[in-house]
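With mmCIF, C-alpha atoms and all ligand atoms inside, this is query06.cif:
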```cif
data_run
#
loop_
_atom_site.group_PDB
_atom_site.id
_atom_site.type_symbol
_atom_site.label_atom_id
_atom_site.label_comp_id
_atom_site.auth_asym_id
_atom_site.auth_seq_id
_atom_site.Cartn_x
_atom_site.Cartn_y
_atom_site.Cartn_z
ATOM 1 C CA MET A 29 2.935 62.656 35.551
ATOM 2 C CA ARG A 30 6.219 63.401 33.770
ATOM 3 C CA GLU A 31 7.381 59.840 34.387
ATOM 4 C CA LEU A 32 4.130 58.467 33.039
ATOM 5 C CA THR A 33 4.169 60.681 29.944
ATOM 6 C CA LEU A 34 7.783 59.745 29.197
ATOM 7 C CA ASN A 35 7.303 56.051 30.002
ATOM 8 C CA PRO A 36 9.442 54.249 27.404
ATOM 9 C CA LYS A 37 7.439 51.005 27.505
ATOM 10 C CA ILE A 38 4.130 52.707 26.711
ATOM 11 C CA ALA A 39 5.810 54.761 23.996
ATOM 12 C CA ALA A 40 7.387 51.639 22.502
ATOM 13 C CA ILE A 41 3.936 50.060 22.126
ATOM 14 C CA ALA A 42 2.649 53.233 20.446
ATOM 15 C CA GLN A 43 5.598 53.154 18.041
ATOM 16 C CA LYS A 44 5.026 49.495 17.254
ATOM 17 C CA LEU A 45 1.368 50.178 16.486
ATOM 18 C CA ALA A 46 2.275 53.211 14.370
ATOM 19 C CA GLY A 47 5.014 51.341 12.517
ATOM 20 C CA THR A 48 7.146 54.459 12.477
ATOM 21 C CA THR A 49 9.193 56.595 14.826
ATOM 22 C CA LEU A 50 7.172 59.001 16.961
ATOM 23 C CA ARG A 51 7.672 62.046 19.160
ATOM 24 C CA LEU A 52 5.588 63.541 21.959
ATOM 25 C CA TRP A 53 2.971 66.049 20.823
ATOM 26 C CA HIS A 54 1.386 66.762 24.205
ATOM 27 C CA ASP A 55 -0.222 65.147 27.201
ATOM 28 C CA HIS A 56 -3.211 66.148 29.304
ATOM 29 C CA LEU A 57 -5.127 65.065 32.354
ATOM 30 C CA LEU A 58 -8.827 64.689 31.598
ATOM 31 C CA ILE A 59 -11.114 64.854 34.608
ATOM 32 C CA LYS A 60 -14.869 64.453 34.449
ATOM 33 C CA ARG A 61 -16.529 65.764 37.570
ATOM 34 C CA PRO A 62 -19.083 63.594 39.430
ATOM 35 C CA GLN A 63 -22.496 63.614 37.729
ATOM 36 C CA ASN A 64 -21.141 65.890 34.975
ATOM 37 C CA ASN A 65 -24.001 65.068 32.647
ATOM 38 C CA ALA A 66 -21.795 65.776 29.609
ATOM 39 C CA PRO A 67 -20.668 63.110 27.178
ATOM 40 C CA THR A 68 -17.705 64.066 24.981
ATOM 41 C CA GLU A 69 -19.172 64.250 21.475
ATOM 42 C CA TRP A 70 -17.893 61.922 18.752
ATOM 43 C CA HIS A 71 -14.782 63.318 17.089
ATOM 44 C CA GLN A 72 -11.427 62.631 15.498
ATOM 45 C CA ASP A 73 -8.427 64.284 17.181
ATOM 46 C CA GLN A 74 -6.113 65.008 14.273
ATOM 47 C CA PRO A 75 -8.242 67.672 12.505
ATOM 48 C CA TYR A 76 -7.643 69.963 15.525
ATOM 49 C CA TRP A 77 -3.848 69.724 15.315
ATOM 50 C CA PRO A 78 -1.542 72.144 13.427
ATOM 51 C CA HIS A 79 0.456 69.428 11.721
ATOM 52 C CA HIS A 80 1.816 68.395 8.375
ATOM 53 C CA ASN A 81 3.518 65.073 7.660
ATOM 54 C CA SER A 82 1.851 63.222 10.510
ATOM 55 C CA THR A 83 0.139 60.115 9.196
ATOM 56 C CA HIS A 84 0.427 57.791 12.204
ATOM 57 C CA PRO A 85 -0.477 59.828 15.301
ATOM 58 C CA VAL A 86 -1.302 57.682 18.331
ATOM 59 C CA SER A 87 -3.025 58.593 21.598
ATOM 60 C CA VAL A 88 -2.852 56.537 24.767
ATOM 61 C CA TRP A 89 -5.796 56.991 27.135
ATOM 62 C CA ILE A 90 -4.810 55.742 30.589
ATOM 63 C CA ALA A 91 -7.449 55.220 33.287
ATOM 64 C CA LEU A 92 -6.192 56.563 36.626
ATOM 65 C CA CYS A 93 -9.266 55.150 38.363
ATOM 66 C CA ASP A 94 -11.685 52.366 37.424
ATOM 67 C CA VAL A 95 -13.746 53.678 34.495
ATOM 68 C CA PRO A 96 -16.879 51.599 33.894
ATOM 69 C CA ALA A 97 -19.327 52.665 31.177
ATOM 70 C CA GLU A 98 -21.295 54.884 33.545
ATOM 71 C CA LYS A 99 -18.180 56.820 34.593
ATOM 72 C CA GLY A 100 -17.076 58.286 31.232
ATOM 73 C CA CYS A 101 -15.374 55.459 29.373
ATOM 74 C CA MET A 102 -14.310 55.666 25.746
ATOM 75 C CA SER A 103 -16.045 54.194 22.677
ATOM 76 C CA PHE A 104 -14.471 54.012 19.224
ATOM 77 C CA ILE A 105 -15.497 53.498 15.594
ATOM 78 C CA PRO A 106 -12.898 51.008 14.309
ATOM 79 C CA GLY A 107 -11.661 51.876 10.820
ATOM 80 C CA SER A 108 -12.780 55.516 10.934
ATOM 81 C CA GLN A 109 -9.141 56.617 10.670
ATOM 82 C CA LYS A 110 -9.535 56.144 6.921
ATOM 83 C CA TYR A 111 -11.415 59.452 6.759
ATOM 84 C CA THR A 112 -8.419 61.722 6.297
ATOM 85 C CA GLN A 113 -10.091 64.898 5.096
ATOM 86 C CA LEU A 114 -12.819 65.703 7.616
ATOM 87 C CA SER A 115 -12.810 69.216 8.991
ATOM 88 C CA PRO A 116 -12.617 69.656 12.776
ATOM 89 C CA GLN A 117 -15.772 68.429 14.450
ATOM 90 C CA ASN A 118 -17.607 70.875 16.684
ATOM 91 C CA LEU A 119 -17.573 69.392 20.172
ATOM 92 C CA GLY A 120 -20.292 71.824 21.204
ATOM 93 C CA VAL A 121 -22.692 70.456 18.594
ATOM 94 C CA SER A 122 -24.305 67.097 19.079
ATOM 95 C CA ARG A 123 -23.521 64.665 16.249
ATOM 96 C CA SER A 124 -21.237 67.063 14.371
ATOM 97 C CA LEU A 125 -19.113 64.104 13.202
ATOM 98 C CA PHE A 126 -22.114 62.398 11.595
ATOM 99 C CA SER A 127 -23.187 65.484 9.722
ATOM 100 C CA LEU A 128 -19.685 65.651 8.201
ATOM 101 C CA GLN A 129 -19.543 61.914 7.428
ATOM 102 C CA PRO A 130 -23.064 60.402 7.566
ATOM 103 C CA SER A 131 -21.890 56.867 6.732
ATOM 104 C CA LEU A 132 -20.076 56.667 10.088
ATOM 105 C CA GLU A 133 -23.430 56.586 11.827
ATOM 106 C CA TRP A 134 -23.935 53.012 10.588
ATOM 107 C CA ASP A 135 -20.522 51.652 11.484
ATOM 108 C CA PRO A 136 -20.174 49.353 14.518
ATOM 109 C CA THR A 137 -18.762 50.922 17.663
ATOM 110 C CA ILE A 138 -16.757 49.392 20.464
ATOM 111 C CA THR A 139 -17.027 50.541 24.096
ATOM 112 C CA ILE A 140 -14.083 49.887 26.381
ATOM 113 C CA PRO A 141 -14.560 50.124 30.174
ATOM 114 C CA LEU A 142 -11.174 50.103 31.910
ATOM 115 C CA LYS A 143 -9.758 49.222 35.319
ATOM 116 C CA ALA A 144 -7.373 51.709 36.941
ATOM 117 C CA GLY A 145 -4.010 51.417 35.195
ATOM 118 C CA ASP A 146 -5.456 49.967 31.977
ATOM 119 C CA CYS A 147 -5.158 51.934 28.771
ATOM 120 C CA THR A 148 -6.316 52.064 25.170
ATOM 121 C CA PHE A 149 -4.363 53.190 22.100
ATOM 122 C CA HIS A 150 -6.111 54.958 19.238
ATOM 123 C CA HIS A 151 -5.071 56.488 15.929
ATOM 124 C CA GLY A 152 -5.443 60.266 15.793
ATOM 125 C CA ARG A 153 -8.246 59.946 13.271
ATOM 126 C CA THR A 154 -10.141 57.080 14.908
ATOM 127 C CA ALA A 155 -13.483 58.595 15.871
ATOM 128 C CA HIS A 156 -14.280 58.307 19.559
ATOM 129 C CA THR A 157 -16.569 59.547 22.284
ATOM 130 C CA ALA A 158 -16.594 59.338 26.081
ATOM 131 C CA SER A 159 -19.775 58.907 28.052
ATOM 132 C CA ALA A 160 -20.916 61.258 30.814
ATOM 133 C CA ASN A 161 -19.773 60.578 34.354
ATOM 134 C CA GLN A 162 -22.939 59.443 36.113
ATOM 135 C CA THR A 163 -21.170 58.408 39.318
ATOM 136 C CA ASN A 164 -20.436 60.371 42.487
ATOM 137 C CA ASP A 165 -16.658 60.181 42.011
ATOM 138 C CA PRO A 166 -14.445 62.038 39.568
ATOM 139 C CA ARG A 167 -13.272 60.227 36.444
ATOM 140 C CA VAL A 168 -9.556 60.756 35.955
ATOM 141 C CA ALA A 169 -7.645 59.810 32.810
ATOM 142 C CA HIS A 170 -4.205 60.754 31.537
ATOM 143 C CA VAL A 171 -3.703 61.024 27.785
ATOM 144 C CA ILE A 172 -0.356 60.924 25.998
ATOM 145 C CA ILE A 173 -0.313 61.918 22.338
ATOM 146 C CA TYR A 174 2.502 61.016 19.966
ATOM 147 C CA VAL A 175 2.922 62.099 16.363
ATOM 148 C CA ASP A 176 5.279 61.032 13.592
ATOM 149 C CA GLU A 177 8.827 62.113 14.376
ATOM 150 C CA VAL A 178 8.932 64.015 11.057
ATOM 151 C CA THR A 179 5.852 66.137 11.859
ATOM 152 C CA THR A 180 6.063 69.811 10.888
ATOM 153 C CA TYR A 181 4.060 72.790 12.141
ATOM 154 C CA ASP A 182 1.438 73.972 9.618
ATOM 155 C CA GLY A 183 1.062 77.517 10.961
ATOM 156 C CA THR A 184 -2.513 77.221 12.258
ATOM 157 C CA PRO A 185 -3.429 78.085 15.865
ATOM 158 C CA HIS A 186 -3.276 75.558 18.685
ATOM 159 C CA VAL A 187 -2.961 76.120 22.414
ATOM 160 C CA THR A 188 0.184 73.963 22.534
ATOM 161 C CA THR A 189 2.118 75.795 19.836
ATOM 162 C CA ASP A 190 0.688 79.353 20.053
ATOM 163 C CA PRO A 191 3.225 80.555 22.686
ATOM 164 C CA LEU A 192 6.212 79.117 20.820
ATOM 165 C CA ASN A 193 6.418 81.414 17.765
ATOM 166 C CA LEU A 194 7.096 78.509 15.433
ATOM 167 C CA THR A 195 7.578 79.136 11.732
ATOM 168 C CA PRO A 196 5.262 77.272 9.350
ATOM 169 C CA ASN A 197 6.929 74.130 7.953
ATOM 170 C CA GLN A 198 9.326 74.021 10.895
ATOM 171 C CA LYS A 199 9.816 70.522 12.301
ATOM 172 C CA LEU A 200 8.349 69.941 15.762
ATOM 173 C CA GLN A 201 11.386 69.436 17.968
ATOM 174 C CA GLY A 202 13.080 70.528 21.167
ATOM 175 C CA ASN A 203 12.365 69.838 24.830
ATOM 176 C CA LEU A 204 8.591 70.019 24.480
ATOM 177 C CA PHE A 205 8.374 67.471 21.675
ATOM 178 C CA PRO A 206 11.027 64.835 22.438
ATOM 179 C CA PRO A 207 11.379 61.810 20.162
ATOM 180 C CA VAL A 208 10.394 58.506 21.753
ATOM 181 C CA GLN A 209 13.960 57.279 21.395
ATOM 182 C CA GLN A 210 15.002 59.840 24.036
ATOM 183 C CA PHE A 211 12.350 58.842 26.586
ATOM 184 C CA GLU A 212 14.528 56.304 28.432
ATOM 185 C CA ALA A 213 17.218 58.902 29.101
ATOM 186 C CA LEU A 214 14.744 61.676 29.896
ATOM 187 C CA ASN A 215 12.838 59.478 32.317
ATOM 188 C CA GLN A 216 16.009 58.822 34.274
ATOM 189 C CA ALA A 217 17.152 62.474 34.281
HETATM 190 O O1 LIG A 301 -11.865 61.458 28.087
HETATM 191 C C1 LIG A 301 -12.654 62.084 27.398
HETATM 192 O O2 LIG A 301 -13.666 62.565 27.867
HETATM 193 C C2 LIG A 301 -12.392 62.296 25.946
HETATM 194 C C3 LIG A 301 -11.004 61.936 25.579
HETATM 195 C C4 LIG A 301 -10.656 62.236 24.173
HETATM 196 O O3 LIG A 301 -11.441 62.686 23.395
HETATM 197 C C5 LIG A 301 -9.304 61.952 23.731
HETATM 198 O O4 LIG A 301 -8.480 61.434 24.506
HETATM 199 O O5 LIG A 301 -8.997 62.237 22.557
#
```

Represent the supplied structure as structure tokens.
Ligand SMILES: O=C(O)CCC(=O)C(=O)O
Amino acid sequence: MRELTLNPKIAAIAQKLAGTTLRLWHDHLLIKRPQNNAPTEWHQDQPYWPHHNSTHPVSVWIALCDVPAEKGCMSFIPGSQKYTQLSPQNLGVSRSLFSLQPSLEWDPTITIPLKAGDCTFHHGRTAHTASANQTNDPRVAHVIIYVDEVTTYDGTPHVTTDPLNLTPNQKLQGNLFPPVQQFEALNQA
């Protein structure tokens, strides 16, 4: 997983899409159990993150198995990254995103089934959902999240930064948040 997260080619594509230099924020493995009966509600990612100065965050969602629509694939609302001020959406409340920004309900969505090894890239504010896993096999995806290299910590709680005793306005840096330009070397270490 370390090699995948620090893959320089994937990171280079993320940087090209962002148009700026990026660093790792965090990764995670997202498994949906067979017949989990639980779609991931529509949301933007960035409102959950304790960041300042991050305007081009990018997430890569990599399918580690075939993910057809009935197995928990992702759908997106293209252009929804323009909503920069929405408060964090409540994933436990159906349609929380649309109560915060009703116009999004009318925007076209795009659903992207993937083959194992395929991936999608999305901006940290692009609204997305993932369907329930209605199959008898687990759905396994690996997500790598990059943020602007200049990102600073804003002092609010997050599971990634809580144990680190960071000072508000401190730049995210160090081993846990390597810049993409170091990935090649780190991946060979
Ligand atoms: O895979 C999922 O169920 C949701 C993934 C997601 O929301 C994300 O990668 O930001």

Could you please extract the residues within 9 Å of ligand LIG 301 (chain A), counting all atoms listed in the file, and hand them back as a VMD selection string?
-> chain A and resid 56 to 60 66 to 73 87 to 89 100 to 102 150 152 155 to 160 167 to 173

Selected by the PyMOL selection byres (((chain A and resi 210) around 12) and not hetatm) in the shown coordinates: which residues, as a PyMOL selection string?
-> chain A and resi 34-36+39-40+49-52+177+201-203+205-209+211-217

List the residues sitting within 9 Å of (-1.7, 58.8, 6.8) in the file's frame, using only C-alpha atoms, as a PyMOL selection string.
-> chain A and resi 81-85+109-110+112

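Applied to this file, the PyMOL selection byres (((chain A and resi 145) around 7) and not hetatm) selects the residues Ile90, Ala91, Leu92, Lys143, Ala144, Asp146 and Cys147 of chain A.
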
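If all atoms listed in the file are the atoms counted, then among A:Asn161, A:Thr148, A:Ser127, A:Thr154 the closest residue to Tyr111 (chain A) is A:Thr154.
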
Need the shell around Thr180 (chain A): protein/DNA/RNA residues with any atom at most 12 Å away, counting all atoms listed in the file. Skip same-chain ones fewer than 4 positions apart. Format as a JSON list (two decimals) with C-alpha atoms, in the frame of the given file?
```
[["chain", "number", "residue", "atom", "x", "y", "z"],
["A", 51, "ARG", "CA", 7.67, 62.05, 19.16],
["A", 53, "TRP", "CA", 2.97, 66.05, 20.82],
["A", 77, "TRP", "CA", -3.85, 69.72, 15.32],
["A", 78, "PRO", "CA", -1.54, 72.14, 13.43],
["A", 79, "HIS", "CA", 0.46, 69.43, 11.72],
["A", 80, "HIS", "CA", 1.82, 68.40, 8.38],
["A", 81, "ASN", "CA", 3.52, 65.07, 7.66],
["A", 82, "SER", "CA", 1.85, 63.22, 10.51],
["A", 83, "THR", "CA", 0.14, 60.12, 9.20],
["A", 175, "VAL", "CA", 2.92, 62.10, 16.36],
["A", 176, "ASP", "CA", 5.28, 61.03, 13.59],
["A", 184, "THR", "CA", -2.51, 77.22, 12.26],
["A", 189, "THR", "CA", 2.12, 75.80, 19.84],
["A", 194, "LEU", "CA", 7.10, 78.51, 15.43],
["A", 195, "THR", "CA", 7.58, 79.14, 11.73],
["A", 196, "PRO", "CA", 5.26, 77.27, 9.35],
["A", 197, "ASN", "CA", 6.93, 74.13, 7.95],
["A", 198, "GLN", "CA", 9.33, 74.02, 10.90],
["A", 199, "LYS", "CA", 9.82, 70.52, 12.30],
["A", 200, "LEU", "CA", 8.35, 69.94, 15.76],
["A", 201, "GLN", "CA", 11.39, 69.44, 17.97],
["A", 205, "PHE", "CA", 8.37, 67.47, 21.68]]
```

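Note that CA of Thr48 (chain A) and CA of Leu204 (chain A) are 19.7 Å apart.
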
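Proximity to Ala97 (chain A) was assessed for A:Pro141, A:Pro62, A:Pro116, A:Pro136 counting only C-alpha atoms; the smallest distance is recorded for A:Pro141.
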
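Nearest residue to Arg30 (chain A) among A:Leu119, A:Thr179, A:Gly47, A:His54 is A:His54, counting all atoms listed in the file.
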
Produce the centre coordinates and the three edge lengths, each in Å to one decimal, of the box along x, y and z that contains all listed atoms of region 174-185 of chain A with 3 Å added on each side, as JSON.
```
{"center_x": 2.8, "center_y": 69.6, "center_z": 14.8, "size_x": 18.4, "size_y": 23.1, "size_z": 16.3}
```

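What separates CA of Thr139 (chain A) from CA of Asn64 (chain A) is a distance of 19.3 Å.
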
Provide the CA of Phe104 (chain A) to CA of Gln129 (chain A) distance in Å, to one decimal place.
-> 15.1 Å

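Nearest-residue note for Ile41 (chain A): choosing from A:Glu133, A:Ser108, A:Lys99, A:Phe149, the minimum distance belongs to A:Phe149, counting only C-alpha atoms.
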